[in-house]
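The structure appears below as structure tokens.
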Amino acid sequence: MSIRQNPAPTRLPDFGNLGVMLRCLLGVNLLALFAALARNTALARLPEELVELAALVEPPLIASVVLLYAAGRPLARLPYAAALAAVMLASAALAALFMALFTPPGVPPPSPLRAALWAAAAAAAVLLYFDLRHRAFSPALTEARLMALTARIRPHFLFNSLNAVLGVIRSDPRRAEQALEELSDLFRVLMAENKQLVTLGEEIALCRQYLDLEHLRLGERLRVSWDIEGCPADAQVPPLMLQPLLENAVYHGIEPCTEPATVTIRAERAGEEIRIVLSNPYHGENAHHAGNRMALDNIRERLMLFYDLEARLDTEAQEGLFRATIRLPYRRGGTA
Amino acid sequence: MSGPLRVFIVDDEALARVRMKALLADIAGELPNVVVGEAANGVEALQKLAETPADAALVDIRMPQMDGVELARHLAGAERMPAVVFTTAYDQYAVQAFELNAVDYLLKPVRAQRLAAALEKARRGVPVARETLARLSPEPRRHLSVSERGRILLVPLADVLYLKAELKYVTVRTREREYLLDESLTRLEEEFVARFVRVHRNCLVAREAIAGFEKDAAEDGETHWSVLLAGLDEKLPVSRRQWPAVKAAFAGEGKA
């Protein structure tokens with residue numbers, strides 16, 4: 001599954017949709033109301049003028065909506081600009097036609113040309129409204145949100161890692177090489193457009209590289225316990241779902257300890273559900289909560305964008321342990 | 001100054017200390033120096049610095065057990081205080097606080113030239129004032145430092161039962177013994193507001209140490225209360241003014 005959809009092109013609204021028709025009618029009537037207000041000289045005459053204007057506006061408006069309903073499909077096939085022009089022309093033509101043929105009695109009929117211009121302007125205003133609405137709700141925005149949410153690694157980790165590499169570079173150049181390779185792998189993933197789900201196996205490989213770098217820095221202080229036998233490696237997960245949690249665990253759980261401490265990662269499949277539990281020592285009063293919460297909210301929101309309500313992330317802190325639990329539906333990936 | 005600059009390195013990451021030593025060796029030509037010791041956290045550093053005096057200390061800000069700023073605050077009370085140069089890889093909070101208080105720091109990975117300049121400046125400059133250091137701390141200290149016979153003793157705050165102001169000093173009481181602290185009770189109350197409650201004009205009691213209250217028969221016909229302490233056979237009078245607040249704090253702890 002992917003949230004990558006067709007790049008959202010600006011397109012005509014679906015004129016067959018009842019909501020769209022309703023919005024057209026309301027929009028044009030609103031414009032007519034403004035026009036009446038602008039033209040009005042004595043407020044007492046406003047209701048009368050409104051009725052007169054409605055008598056002029058309604059017939060061509062309803063005819064336009066019906067025509068657009070009928071011509072919806074062929075219109076949608078036109079390029080956007082051509083379709084826009086067609087809609088404006090059709091409205092203008094209908095307005096001119098009505099003014100020329102069916103003038104209501106007792107009202108001085110406006111010239112067909114003026115009516116046509118008014119109709120075209122009204123059509124343009126309504127189309128502009130639909131265009132803005134479309135942009136506001138487009139998947140492109142979801143994509144942008146996802147990009148912005150893509151987990152960012154803590155600068156703290158980057159600079160400390162670079163410092164550790166510099167520390168080891170003279171005595172053990174090979175270890176330094178390895179660390180820089182891992183760092184570049186990690187950043188390749190971090191800087192990618194992470195819009196596709198990855199397999200759990202890939203995510204775990206990335207986590208191992210990350211932890212290897214932390215090992216260089218923290219040495220014996222960091223211990224990691226993996227328990228992932230019970231989980232299929234082909235399960236699909238959002239990219240960078242585990243790594244930020246591990247980073248949190250190291251920053252809040254391991255670094256404040258002088259003694260060696262353990263981060264535990266357990267993943268299992270229960271029926272159609274994948275459950276991943278990550279735990280680390282917890283130091284109540286010393287944790288910098290804000291950063292922690294930010295990372296958790298970030299993962300939560302990405303889970304929602306990928307899975308809606310089918311996935312969740314819960315956290316709890318008790319008895320000196322912080323535990324983060326992710327539950328998501330089991331979906332097989334293409335490659336394990 | 002005669003002889004090379006004696007430098008002490010404090011960082012919780014072993015490779016960061018290795019890197020710092022390599023840099024110090026690199027700049028030895030222009031700034032003769034010798035590394036007299038290293039430590040992985042503030043507590044260890046204080047112990048070692050008491051044995052081995054140093055002219056300058058390179059101190060990482062974020063460390064377990066006792067961070068760099070707290071270490072500097074304890075060192076500020078020492079007789080032979082080394083000039084402290086802070087180092088950090090990235091710590092938004094700390095960097096902001098340091099900029100705000102115009103305290104110098106080195107960003108890791110550190111460059112040799114910057115290191116030489118900072119050490120030179122620290123050696124000649126005025127040490128950072130204790131008040132400034134207090135403002136740099138994101139959190140209250142975890143230890144009080146007491147100077148006794150030229151040495152610094154660390155008293156973990158978790159062990160402190162009460163703090164009592166007396167004439168010039170504040171008495172720090174733990175289960176084992178008393179210490180004399182050269183700080184103001186008001187400042188201590190502000191810093192450790194979460195841990196202590198004021199029971200009297202001159203006394204702060206650790207919330208955790210309150211075992212209960214005792215009513216005393218009073219001569220003037222009014223009721224007086226005393227705090228009973230957990231693990232110490234001693235009573236502390238509660239002033240009439242503080243009694244409502246003390247009672248409320250205690251009820252909040254779920255003990256009354």
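FYI, nothing fancy with the structure tokens labels: chains A, B, ... in order, residues from 1 per chain, ligands from 1 as they appear.
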Tell me as a list of chain:residue names which residues belonging to chain B come within 6 Å of chain A, counting only C-alpha atoms.
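Close enough to count are B:Glu13, B:Leu15, B:Ala16, B:Val18, B:Arg19, B:Pro64, B:Ala89, B:Tyr90, B:Pro109.
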Please list as a list in words every residue within 10 Å of Ala158 of chain B, counting only C-alpha atoms and excluding residues in the same chain fewer than 6 positions away.
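Near neighbours after the sequence-gap exclusion: Arg142, His143, Thr174, Arg195, Ala206, Glu208 and Ala209 of chain B.
Here the question is which of B:Ala94, B:Ile27, B:Val34, B:Val197 gets nearest to Val7 of chain B using only C-alpha atoms, and that residue is B:Val34.
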Which residues are close to segment 225-234 of chain B, i.e. within 10 Å by only C-alpha atoms, leaving aside same-chain residues fewer than 4 positions away? Reply as JSON, numbers by chain.
{"B": [161, 162, 173, 174, 175, 176, 199, 205, 206, 207, 208, 209, 210, 211, 212, 213, 214, 215, 216, 217, 218, 238, 239, 240, 243, 246]}
Selection from above, N, CA and C atoms, as an mmCIF file, in the first residue's frame, can you write it?
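Final file, result.cif:
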```cif
data_model
loop_
_atom_site.group_PDB
_atom_site.id
_atom_site.type_symbol
_atom_site.label_atom_id
_atom_site.label_comp_id
_atom_site.auth_asym_id
_atom_site.auth_seq_id
_atom_site.Cartn_x
_atom_site.Cartn_y
_atom_site.Cartn_z
ATOM 1 N N LEU B 161 17.459 15.571 54.786
ATOM 2 C CA LEU B 161 16.177 15.550 55.490
ATOM 3 C C LEU B 161 15.640 16.963 55.655
ATOM 4 N N TYR B 162 16.516 17.854 56.108
ATOM 5 C CA TYR B 162 16.076 19.246 56.204
ATOM 6 C C TYR B 162 17.244 20.205 56.068
ATOM 7 N N ARG B 173 21.038 18.585 57.019
ATOM 8 C CA ARG B 173 20.935 17.407 57.874
ATOM 9 C C ARG B 173 20.603 16.174 57.044
ATOM 10 N N THR B 174 21.446 15.150 57.134
ATOM 11 C CA THR B 174 21.120 13.851 56.559
ATOM 12 C C THR B 174 20.932 12.893 57.728
ATOM 13 N N ARG B 175 20.612 11.621 57.440
ATOM 14 C CA ARG B 175 20.437 10.664 58.537
ATOM 15 C C ARG B 175 21.725 10.523 59.338
ATOM 16 N N GLU B 176 22.856 10.594 58.627
ATOM 17 C CA GLU B 176 24.139 10.328 59.283
ATOM 18 C C GLU B 176 24.689 11.524 60.046
ATOM 19 N N VAL B 199 8.728 24.975 56.606
ATOM 20 C CA VAL B 199 7.893 24.772 57.793
ATOM 21 C C VAL B 199 8.059 25.918 58.778
ATOM 22 N N VAL B 205 11.963 21.496 55.003
ATOM 23 C CA VAL B 205 11.978 20.051 55.242
ATOM 24 C C VAL B 205 11.683 19.329 53.931
ATOM 25 N N ALA B 206 12.419 18.233 53.675
ATOM 26 C CA ALA B 206 12.164 17.426 52.494
ATOM 27 C C ALA B 206 10.790 16.795 52.624
ATOM 28 N N ARG B 207 9.999 16.945 51.556
ATOM 29 C CA ARG B 207 8.633 16.399 51.611
ATOM 30 C C ARG B 207 8.658 14.908 51.924
ATOM 31 N N GLU B 208 9.625 14.212 51.322
ATOM 32 C CA GLU B 208 9.697 12.766 51.518
ATOM 33 C C GLU B 208 10.053 12.382 52.940
ATOM 34 N N ALA B 209 10.688 13.313 53.671
ATOM 35 C CA ALA B 209 11.167 12.974 55.021
ATOM 36 C C ALA B 209 10.100 13.178 56.085
ATOM 37 N N ILE B 210 8.972 13.799 55.700
ATOM 38 C CA ILE B 210 7.931 14.050 56.705
ATOM 39 C C ILE B 210 7.200 12.751 57.031
ATOM 40 N N ALA B 211 7.281 12.347 58.305
ATOM 41 C CA ALA B 211 6.619 11.111 58.715
ATOM 42 C C ALA B 211 5.249 11.414 59.311
ATOM 43 N N GLY B 212 5.096 12.603 59.868
ATOM 44 C CA GLY B 212 3.815 12.955 60.467
ATOM 45 C C GLY B 212 3.947 14.236 61.260
ATOM 46 N N PHE B 213 2.903 14.574 62.012
ATOM 47 C CA PHE B 213 2.923 15.796 62.818
ATOM 48 C C PHE B 213 2.540 15.477 64.248
ATOM 49 N N GLU B 214 2.994 16.326 65.132
ATOM 50 C CA GLU B 214 2.675 16.112 66.543
ATOM 51 C C GLU B 214 2.186 17.423 67.122
ATOM 52 N N LYS B 215 1.147 17.310 67.916
ATOM 53 C CA LYS B 215 0.577 18.502 68.538
ATOM 54 C C LYS B 215 1.303 18.734 69.858
ATOM 55 N N ASP B 216 1.774 19.932 70.072
ATOM 56 C CA ASP B 216 2.450 20.237 71.328
ATOM 57 C C ASP B 216 1.551 21.083 72.208
ATOM 58 N N ALA B 217 1.597 20.769 73.494
ATOM 59 C CA ALA B 217 0.894 21.616 74.441
ATOM 60 C C ALA B 217 1.652 22.935 74.522
ATOM 61 N N ALA B 218 0.945 24.020 74.379
ATOM 62 C CA ALA B 218 1.628 25.312 74.371
ATOM 63 C C ALA B 218 1.262 26.121 75.590
ATOM 64 N N VAL B 238 6.753 23.766 63.532
ATOM 65 C CA VAL B 238 6.109 24.392 62.383
ATOM 66 C C VAL B 238 5.569 25.739 62.848
ATOM 67 N N SER B 239 5.881 26.787 62.132
ATOM 68 C CA SER B 239 5.385 28.097 62.561
ATOM 69 C C SER B 239 3.905 28.199 62.223
ATOM 70 N N ARG B 240 3.209 29.046 62.978
ATOM 71 C CA ARG B 240 1.768 29.166 62.786
ATOM 72 C C ARG B 240 1.476 29.647 61.366
ATOM 73 N N TRP B 243 1.817 26.688 58.872
ATOM 74 C CA TRP B 243 1.059 25.464 59.124
ATOM 75 C C TRP B 243 0.047 25.112 58.017
ATOM 76 N N VAL B 246 1.900 23.799 54.986
ATOM 77 C CA VAL B 246 2.545 22.514 55.261
ATOM 78 C C VAL B 246 1.508 21.397 55.251
#
```
Taking the DSSP assignment computed from this structure's backbone, write out as a ChimeraX atom specification all residues of segment 192-327 of chain A that belong to strand (DSSP E).
/A:198-199,222-227,236-237,261-270,273-281,312-318,321-327
Those residues with N, CA and C atoms, as a CSV table (one decimal), in the first residue's frame please?
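That gives us again-v2.csv:
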```csv
chain,number,residue,atom,x,y,z
A,198,VAL,N,7.9,0.4,3.9
A,198,VAL,CA,9.1,-0.4,3.7
A,198,VAL,C,8.8,-1.7,4.5
A,199,THR,N,9.6,-2.7,4.3
A,199,THR,CA,9.4,-4.0,5.1
A,199,THR,C,10.0,-3.8,6.5
A,222,LEU,N,25.8,0.9,26.3
A,222,LEU,CA,24.6,0.6,25.5
A,222,LEU,C,24.5,-0.9,25.3
A,223,ARG,N,23.4,-1.5,25.8
A,223,ARG,CA,23.1,-2.9,25.5
A,223,ARG,C,21.8,-3.0,24.8
A,224,VAL,N,21.7,-3.9,23.8
A,224,VAL,CA,20.5,-4.0,23.0
A,224,VAL,C,20.1,-5.5,23.0
A,225,SER,N,18.8,-5.7,23.3
A,225,SER,CA,18.3,-7.0,23.2
A,225,SER,C,17.2,-7.1,22.2
A,226,TRP,N,17.4,-8.0,21.2
A,226,TRP,CA,16.4,-8.1,20.1
A,226,TRP,C,15.6,-9.4,20.3
A,227,ASP,N,14.3,-9.3,20.2
A,227,ASP,CA,13.4,-10.5,20.2
A,227,ASP,C,12.4,-10.3,19.1
A,236,GLN,N,4.8,-4.9,6.3
A,236,GLN,CA,5.0,-3.5,5.9
A,236,GLN,C,4.8,-2.5,7.0
A,237,VAL,N,5.8,-1.6,7.1
A,237,VAL,CA,5.7,-0.6,8.1
A,237,VAL,C,6.1,0.8,7.5
A,261,ALA,N,23.1,-0.1,30.4
A,261,ALA,CA,21.6,-0.2,30.5
A,261,ALA,C,21.2,-0.8,29.1
A,262,THR,N,20.0,-1.4,29.1
A,262,THR,CA,19.5,-2.2,28.0
A,262,THR,C,18.3,-1.6,27.3
A,263,VAL,N,18.3,-1.6,26.0
A,263,VAL,CA,17.1,-1.2,25.2
A,263,VAL,C,16.6,-2.6,24.7
A,264,THR,N,15.3,-2.8,24.9
A,264,THR,CA,14.8,-4.1,24.4
A,264,THR,C,13.8,-3.8,23.3
A,265,ILE,N,13.9,-4.6,22.2
A,265,ILE,CA,13.0,-4.5,21.1
A,265,ILE,C,12.3,-5.8,20.9
A,266,ARG,N,11.0,-5.9,21.0
A,266,ARG,CA,10.3,-7.1,20.8
A,266,ARG,C,9.3,-6.9,19.7
A,267,ALA,N,9.3,-7.8,18.7
A,267,ALA,CA,8.2,-7.7,17.6
A,267,ALA,C,7.6,-9.1,17.5
A,268,GLU,N,6.3,-9.1,17.4
A,268,GLU,CA,5.6,-10.3,17.2
A,268,GLU,C,4.3,-10.1,16.3
A,269,ARG,N,3.9,-11.3,15.8
A,269,ARG,CA,2.6,-11.2,15.0
A,269,ARG,C,1.6,-11.9,15.8
A,270,ALA,N,0.4,-11.3,16.0
A,270,ALA,CA,-0.7,-11.9,16.7
A,270,ALA,C,-1.9,-11.8,15.7
A,273,GLU,N,-2.3,-8.9,13.3
A,273,GLU,CA,-1.8,-7.6,13.9
A,273,GLU,C,-0.3,-7.8,14.2
A,274,ILE,N,0.5,-6.8,13.9
A,274,ILE,CA,1.9,-6.8,14.2
A,274,ILE,C,2.0,-5.9,15.5
A,275,ARG,N,2.7,-6.4,16.5
A,275,ARG,CA,2.9,-5.6,17.7
A,275,ARG,C,4.4,-5.5,17.9
A,276,ILE,N,4.9,-4.3,18.1
A,276,ILE,CA,6.3,-4.0,18.3
A,276,ILE,C,6.4,-3.2,19.7
A,277,VAL,N,7.2,-3.8,20.6
A,277,VAL,CA,7.3,-3.2,21.9
A,277,VAL,C,8.8,-2.8,22.1
A,278,LEU,N,9.0,-1.5,22.5
A,278,LEU,CA,10.3,-1.1,22.7
A,278,LEU,C,10.4,-0.5,24.1
A,279,SER,N,11.4,-1.0,24.9
A,279,SER,CA,11.4,-0.5,26.3
A,279,SER,C,12.9,-0.1,26.7
A,280,ASN,N,13.0,0.8,27.6
A,280,ASN,CA,14.3,1.3,28.0
A,280,ASN,C,14.1,1.8,29.4
A,281,PRO,N,15.2,1.9,30.2
A,281,PRO,CA,15.1,2.5,31.5
A,281,PRO,C,14.6,3.9,31.5
A,312,ARG,N,-1.8,2.1,16.0
A,312,ARG,CA,-1.7,3.0,17.1
A,312,ARG,C,-0.4,2.9,17.8
A,313,LEU,N,0.0,3.9,18.5
A,313,LEU,CA,1.2,3.9,19.3
A,313,LEU,C,0.8,4.3,20.8
A,314,ASP,N,1.2,3.4,21.7
A,314,ASP,CA,0.9,3.7,23.1
A,314,ASP,C,2.2,3.8,23.9
A,315,THR,N,2.2,4.6,24.9
A,315,THR,CA,3.4,4.7,25.7
A,315,THR,C,3.0,4.6,27.2
A,316,GLU,N,3.9,4.0,28.0
A,316,GLU,CA,3.7,4.0,29.4
A,316,GLU,C,5.0,4.0,30.1
A,317,ALA,N,5.0,4.6,31.3
A,317,ALA,CA,6.2,4.7,32.1
A,317,ALA,C,5.9,4.2,33.5
A,318,GLN,N,6.5,3.1,33.9
A,318,GLN,CA,6.3,2.6,35.2
A,318,GLN,C,7.4,1.7,35.7
A,321,LEU,N,10.7,1.8,33.9
A,321,LEU,CA,10.8,1.4,32.5
A,321,LEU,C,9.9,2.3,31.7
A,322,PHE,N,10.4,2.7,30.5
A,322,PHE,CA,9.5,3.4,29.6
A,322,PHE,C,9.2,2.4,28.4
A,323,ARG,N,8.0,2.3,28.1
A,323,ARG,CA,7.6,1.3,27.1
A,323,ARG,C,6.8,2.0,26.0
A,324,ALA,N,7.2,1.8,24.7
A,324,ALA,CA,6.4,2.3,23.6
A,324,ALA,C,5.9,1.0,22.8
A,325,THR,N,4.6,1.0,22.6
A,325,THR,CA,4.0,-0.1,21.9
A,325,THR,C,3.3,0.3,20.6
A,326,ILE,N,3.7,-0.3,19.5
A,326,ILE,CA,3.1,0.0,18.2
A,326,ILE,C,2.3,-1.2,17.7
A,327,ARG,N,1.0,-0.9,17.4
A,327,ARG,CA,0.2,-2.0,16.8
A,327,ARG,C,-0.2,-1.5,15.4
```
